[in-house]
Amino acid sequence: MAQRRFAPLDTDGGDVPVLKGIVFDVDGTLWQGSGSSLPQHYMFQEMRDALGIEKGVDIIHHIRGLPTFTARTDAIAIVRDIERKAMVKQVPQPGLVELMDYLNSKNVKRALCTRNFDGPVNHLIKSHLATHVFAPIITRDTPNIMPKPDPAGILHIARAWELEDASGLIMVGDSLDDMTAGHKAGAATVLLLNERNQDLKDHEHTDLCIERLDELINVLETGFCGTRERP
């Protein structure tokens, strides 16, 4: 048993693994609702109300399970309309630009893995991160990839970066889906804390917690060390 570790950036690592890249969630991780540190959870209830499904039912799985192409298409249109209205209210999380500028200066690869569709993701990048490159970008519309908490998106990113596996990656997110997807993929996980996810601090899939994105700068400078023992 040992904690997940990565060597400080700009070192060869020695016996400690070297970080290969970072995967970020989007809603609630890179952006938040205007005037709040929280993701825009209200829109999920709007989606469920519009689709006629109860809380706890996974929206994406519900849509994919609808019996006809027309039903699926109509449901997707409803969800996208709600997301488009929400995206105009999105603001960057505190420390977002500082962290991304730092990672860019260190040539750290970055990718996105989100359950959003492309529109809000592209809006965030264009509005706040126009000089930054994220590749691959995995959304719920990426073909043949199951959404989080399935690890498929993170594993796809590892392959795109020509890595044997995801053990050299960090998954940064704000939800259990993010932590579970990262853990199942074999990546280290970082939870961005907010008022709604305090119970995930001690979850078995959470390696490290931060309160602001730019706290990750010091973590990477001094060497990532998770707080939980791993096999």
# chains A, B, ... in the order shown; residues from 1 in each chain; ligands from 1
>>> residues_around(residues="A:Glu215", least_positions_apart="4", cutoff="12 Å", atoms="only C-alpha atoms", output="short mmCIF file (atom, residue, chain, number, x, y, z; two decimals) with N, CA and C atoms, in the first residue's frame")
data_model
loop_
_atom_site.label_atom_id
_atom_site.label_comp_id
_atom_site.auth_asym_id
_atom_site.auth_seq_id
_atom_site.Cartn_x
_atom_site.Cartn_y
_atom_site.Cartn_z
N PRO A 94 -12.36 30.37 -9.74
CA PRO A 94 -11.19 31.11 -9.24
C PRO A 94 -9.91 30.30 -9.45
N GLY A 95 -8.90 30.97 -9.99
CA GLY A 95 -7.62 30.31 -10.21
C GLY A 95 -7.50 29.57 -11.52
N LEU A 96 -8.57 29.58 -12.34
CA LEU A 96 -8.53 28.83 -13.60
C LEU A 96 -7.42 29.31 -14.52
N GLU A 98 -4.83 31.23 -13.95
CA GLU A 98 -3.50 31.10 -13.36
C GLU A 98 -2.98 29.67 -13.48
N LEU A 99 -3.84 28.70 -13.22
CA LEU A 99 -3.42 27.30 -13.33
C LEU A 99 -3.09 26.94 -14.77
N MET A 100 -3.95 27.34 -15.70
CA MET A 100 -3.72 26.98 -17.09
C MET A 100 -2.47 27.65 -17.65
N TYR A 102 0.15 28.39 -15.92
CA TYR A 102 1.26 27.65 -15.31
C TYR A 102 1.49 26.34 -16.05
N VAL A 190 -8.08 14.35 -8.14
CA VAL A 190 -8.10 15.57 -7.35
C VAL A 190 -9.53 16.11 -7.34
N LEU A 191 -10.07 16.31 -6.14
CA LEU A 191 -11.42 16.83 -5.97
C LEU A 191 -11.38 18.32 -5.70
N LEU A 192 -12.06 19.11 -6.55
CA LEU A 192 -12.23 20.54 -6.29
C LEU A 192 -13.45 20.69 -5.39
N LEU A 193 -13.21 21.12 -4.17
CA LEU A 193 -14.27 21.16 -3.18
C LEU A 193 -15.26 22.30 -3.42
N LEU A 208 -6.80 13.46 -3.45
CA LEU A 208 -6.37 14.76 -2.93
C LEU A 208 -7.50 15.77 -3.13
N CYS A 209 -7.61 16.73 -2.22
CA CYS A 209 -8.64 17.78 -2.31
C CYS A 209 -7.99 19.15 -2.39
N ILE A 210 -8.60 20.04 -3.19
CA ILE A 210 -8.19 21.44 -3.25
C ILE A 210 -9.44 22.31 -3.18
N GLU A 211 -9.27 23.57 -2.74
CA GLU A 211 -10.40 24.49 -2.65
C GLU A 211 -10.42 25.50 -3.79
N VAL A 219 1.05 22.13 -5.50
CA VAL A 219 1.06 20.66 -5.43
C VAL A 219 2.00 20.08 -6.48
N LEU A 220 1.93 20.59 -7.69
CA LEU A 220 2.76 20.08 -8.77
C LEU A 220 4.21 20.53 -8.65
N GLU A 221 4.42 21.73 -8.12
CA GLU A 221 5.77 22.24 -7.93
C GLU A 221 6.54 21.42 -6.91
N THR A 222 5.88 21.02 -5.85
CA THR A 222 6.54 20.30 -4.76
C THR A 222 6.44 18.79 -4.89
N PHE A 224 3.27 15.86 -6.37
CA PHE A 224 1.94 15.37 -5.99
C PHE A 224 2.06 14.20 -5.03
#
>>> residues_around(residues="A:His183", least_positions_apart="2", cutoff="10 Å", atoms="only C-alpha atoms", output="VMD selection string")
chain A and resid 149 to 151 166 to 167 170 to 171 177 to 181 185 to 189 204 to 207
>>> closest_atom_pairs(of="stretch 110-208 of chain A", to="stretch 68-82 of chain A", cutoff="9 Å", atoms="only C-alpha atoms", output="tab-separated table")
residue	atom	partner	partner_atom	distance
A:Asn116	CA	A:Arg80	CA	8.9
A:Phe117	CA	A:Arg80	CA	7.5
A:Gly119	CA	A:Arg80	CA	8.4
>>> residues_around(residues="stretch 128-143 of chain A", least_positions_apart="6", cutoff="8 Å", atoms="only C-alpha atoms", output="VMD selection string")
chain A and resid 60 92 97 100 104 109 to 118 153 157 160
>>> write_last_selection(atoms="N, CA and C atoms", output="short mmCIF file (atom, residue, chain, number, x, y, z; two decimals), in the first residue's frame")
data_model
loop_
_atom_site.label_atom_id
_atom_site.label_comp_id
_atom_site.auth_asym_id
_atom_site.auth_seq_id
_atom_site.Cartn_x
_atom_site.Cartn_y
_atom_site.Cartn_z
N ILE A 60 -28.24 11.00 -19.22
CA ILE A 60 -27.67 10.49 -20.46
C ILE A 60 -28.12 9.06 -20.71
N PRO A 92 -15.53 31.65 -15.04
CA PRO A 92 -14.44 30.74 -14.71
C PRO A 92 -14.30 30.53 -13.21
N VAL A 97 -7.41 30.60 -14.83
CA VAL A 97 -6.44 31.12 -15.79
C VAL A 97 -5.02 30.97 -15.25
N MET A 100 -3.95 27.34 -15.70
CA MET A 100 -3.72 26.98 -17.09
C MET A 100 -2.47 27.65 -17.65
N ASN A 104 0.67 25.54 -19.03
CA ASN A 104 1.16 25.83 -20.37
C ASN A 104 2.65 26.13 -20.34
N LYS A 109 0.54 18.40 -20.74
CA LYS A 109 -0.60 18.10 -21.61
C LYS A 109 -1.90 18.20 -20.82
N ARG A 110 -2.94 18.70 -21.50
CA ARG A 110 -4.24 18.86 -20.87
C ARG A 110 -5.34 18.37 -21.80
N ALA A 111 -6.31 17.70 -21.21
CA ALA A 111 -7.47 17.22 -21.96
C ALA A 111 -8.72 17.48 -21.14
N LEU A 112 -9.87 17.39 -21.78
CA LEU A 112 -11.16 17.57 -21.10
C LEU A 112 -11.99 16.30 -21.25
N CYS A 113 -12.69 15.96 -20.19
CA CYS A 113 -13.60 14.81 -20.21
C CYS A 113 -14.86 15.23 -19.46
N THR A 114 -15.94 15.43 -20.20
CA THR A 114 -17.14 16.03 -19.62
C THR A 114 -18.40 15.32 -20.10
N ARG A 115 -19.45 15.44 -19.32
CA ARG A 115 -20.76 14.94 -19.71
C ARG A 115 -21.58 16.02 -20.42
N ASN A 116 -21.01 17.20 -20.62
CA ASN A 116 -21.66 18.25 -21.41
C ASN A 116 -21.58 17.91 -22.90
N PHE A 117 -22.33 18.66 -23.72
CA PHE A 117 -22.11 18.56 -25.16
C PHE A 117 -21.13 19.64 -25.57
N ASP A 118 -20.78 19.68 -26.85
CA ASP A 118 -19.68 20.52 -27.30
C ASP A 118 -19.91 22.02 -27.08
N GLY A 153 -13.45 7.45 -21.30
CA GLY A 153 -12.95 8.71 -21.82
C GLY A 153 -11.51 8.98 -21.41
N ILE A 157 -8.06 9.13 -23.76
CA ILE A 157 -7.08 10.22 -23.72
C ILE A 157 -5.67 9.67 -23.55
N ALA A 160 -4.55 8.35 -26.80
CA ALA A 160 -4.27 9.44 -27.74
C ALA A 160 -2.92 10.07 -27.46
#
>>> atom_distance(atom1="atom CA of A:Val26", atom2="atom CA of A:Val121")
7.2 Å
>>> closest_residue(among="A:Glu83, A:Ile22, A:Ile217, A:Asn107", to="A:His123", atoms="only C-alpha atoms")
A:Glu83
>>> select_by_dssp(residues="stretch 18-212 of chain A", states="alpha helix (DSSP H)", output="PyMOL selection string")
chain A and resi 42-51+59-64+69-87+96-105+118-128+152-160+176-185
>>> write_last_selection(atoms="C-alpha atoms", output="compact mmCIF listing (two decimals), in the first residue's frame")
# COMPACT_ATOMS: atom_id res chain seq x y z
CA TYR A 42 -30.51 23.70 -11.23
CA MET A 43 -30.26 22.87 -14.91
CA PHE A 44 -30.20 19.14 -14.16
CA GLN A 45 -33.53 19.44 -12.37
CA GLU A 46 -34.86 21.44 -15.31
CA MET A 47 -33.77 18.62 -17.60
CA ARG A 48 -35.42 15.97 -15.46
CA ASP A 49 -38.64 17.97 -15.24
CA ALA A 50 -38.67 18.47 -19.01
CA LEU A 51 -37.95 14.79 -19.68
CA ILE A 59 -30.07 11.74 -17.80
CA ILE A 60 -27.67 10.49 -20.46
CA HIS A 61 -28.51 6.84 -19.86
CA HIS A 62 -32.23 7.68 -19.95
CA ILE A 63 -31.90 9.41 -23.33
CA ARG A 64 -29.80 6.62 -24.82
CA PHE A 69 -34.65 7.72 -32.86
CA THR A 70 -37.23 10.51 -32.79
CA ALA A 71 -37.66 10.26 -29.03
CA ARG A 72 -33.89 10.37 -28.51
CA THR A 73 -33.48 13.32 -30.88
CA ASP A 74 -36.26 15.29 -29.20
CA ALA A 75 -34.81 14.62 -25.74
CA ILE A 76 -31.33 15.69 -26.84
CA ALA A 77 -32.76 18.93 -28.23
CA ILE A 78 -34.47 19.67 -24.89
CA VAL A 79 -31.27 19.10 -22.92
CA ARG A 80 -29.12 21.14 -25.29
CA ASP A 81 -31.51 24.08 -25.12
CA ILE A 82 -31.24 24.12 -21.32
CA GLU A 83 -27.44 23.88 -21.51
CA ARG A 84 -27.24 26.73 -24.01
CA LYS A 85 -29.22 29.00 -21.70
CA ALA A 86 -26.99 28.05 -18.76
CA MET A 87 -23.71 28.55 -20.61
CA LEU A 96 -8.53 28.83 -13.60
CA VAL A 97 -6.44 31.12 -15.79
CA GLU A 98 -3.50 31.10 -13.36
CA LEU A 99 -3.42 27.30 -13.33
CA MET A 100 -3.72 26.98 -17.09
CA ASP A 101 -1.00 29.56 -17.71
CA TYR A 102 1.26 27.65 -15.31
CA LEU A 103 0.57 24.29 -16.96
CA ASN A 104 1.16 25.83 -20.37
CA SER A 105 4.52 27.22 -19.22
CA ASP A 118 -19.68 20.52 -27.30
CA GLY A 119 -21.43 23.92 -27.16
CA PRO A 120 -20.77 24.94 -23.52
CA VAL A 121 -17.25 23.52 -23.69
CA ASN A 122 -16.32 25.51 -26.78
CA HIS A 123 -17.93 28.62 -25.27
CA LEU A 124 -15.75 28.33 -22.16
CA ILE A 125 -12.56 27.89 -24.16
CA LYS A 126 -13.35 30.73 -26.56
CA SER A 127 -14.35 33.11 -23.76
CA HIS A 128 -11.67 32.42 -21.15
CA ALA A 152 -13.50 5.01 -21.16
CA GLY A 153 -12.95 8.71 -21.82
CA ILE A 154 -9.82 8.92 -19.67
CA LEU A 155 -8.42 5.72 -21.16
CA HIS A 156 -9.08 7.11 -24.65
CA ILE A 157 -7.08 10.22 -23.72
CA ALA A 158 -4.19 8.08 -22.46
CA ARG A 159 -4.12 6.19 -25.77
CA ALA A 160 -4.27 9.44 -27.74
CA LEU A 176 -18.25 11.35 -7.65
CA ASP A 177 -18.49 10.52 -11.36
CA ASP A 178 -15.15 12.31 -11.89
CA MET A 179 -13.43 10.58 -8.98
CA THR A 180 -14.76 7.16 -9.91
CA ALA A 181 -13.87 7.50 -13.59
CA GLY A 182 -10.34 8.57 -12.70
CA HIS A 183 -9.91 5.83 -10.12
CA LYS A 184 -11.21 3.10 -12.44
CA ALA A 185 -8.92 4.33 -15.21
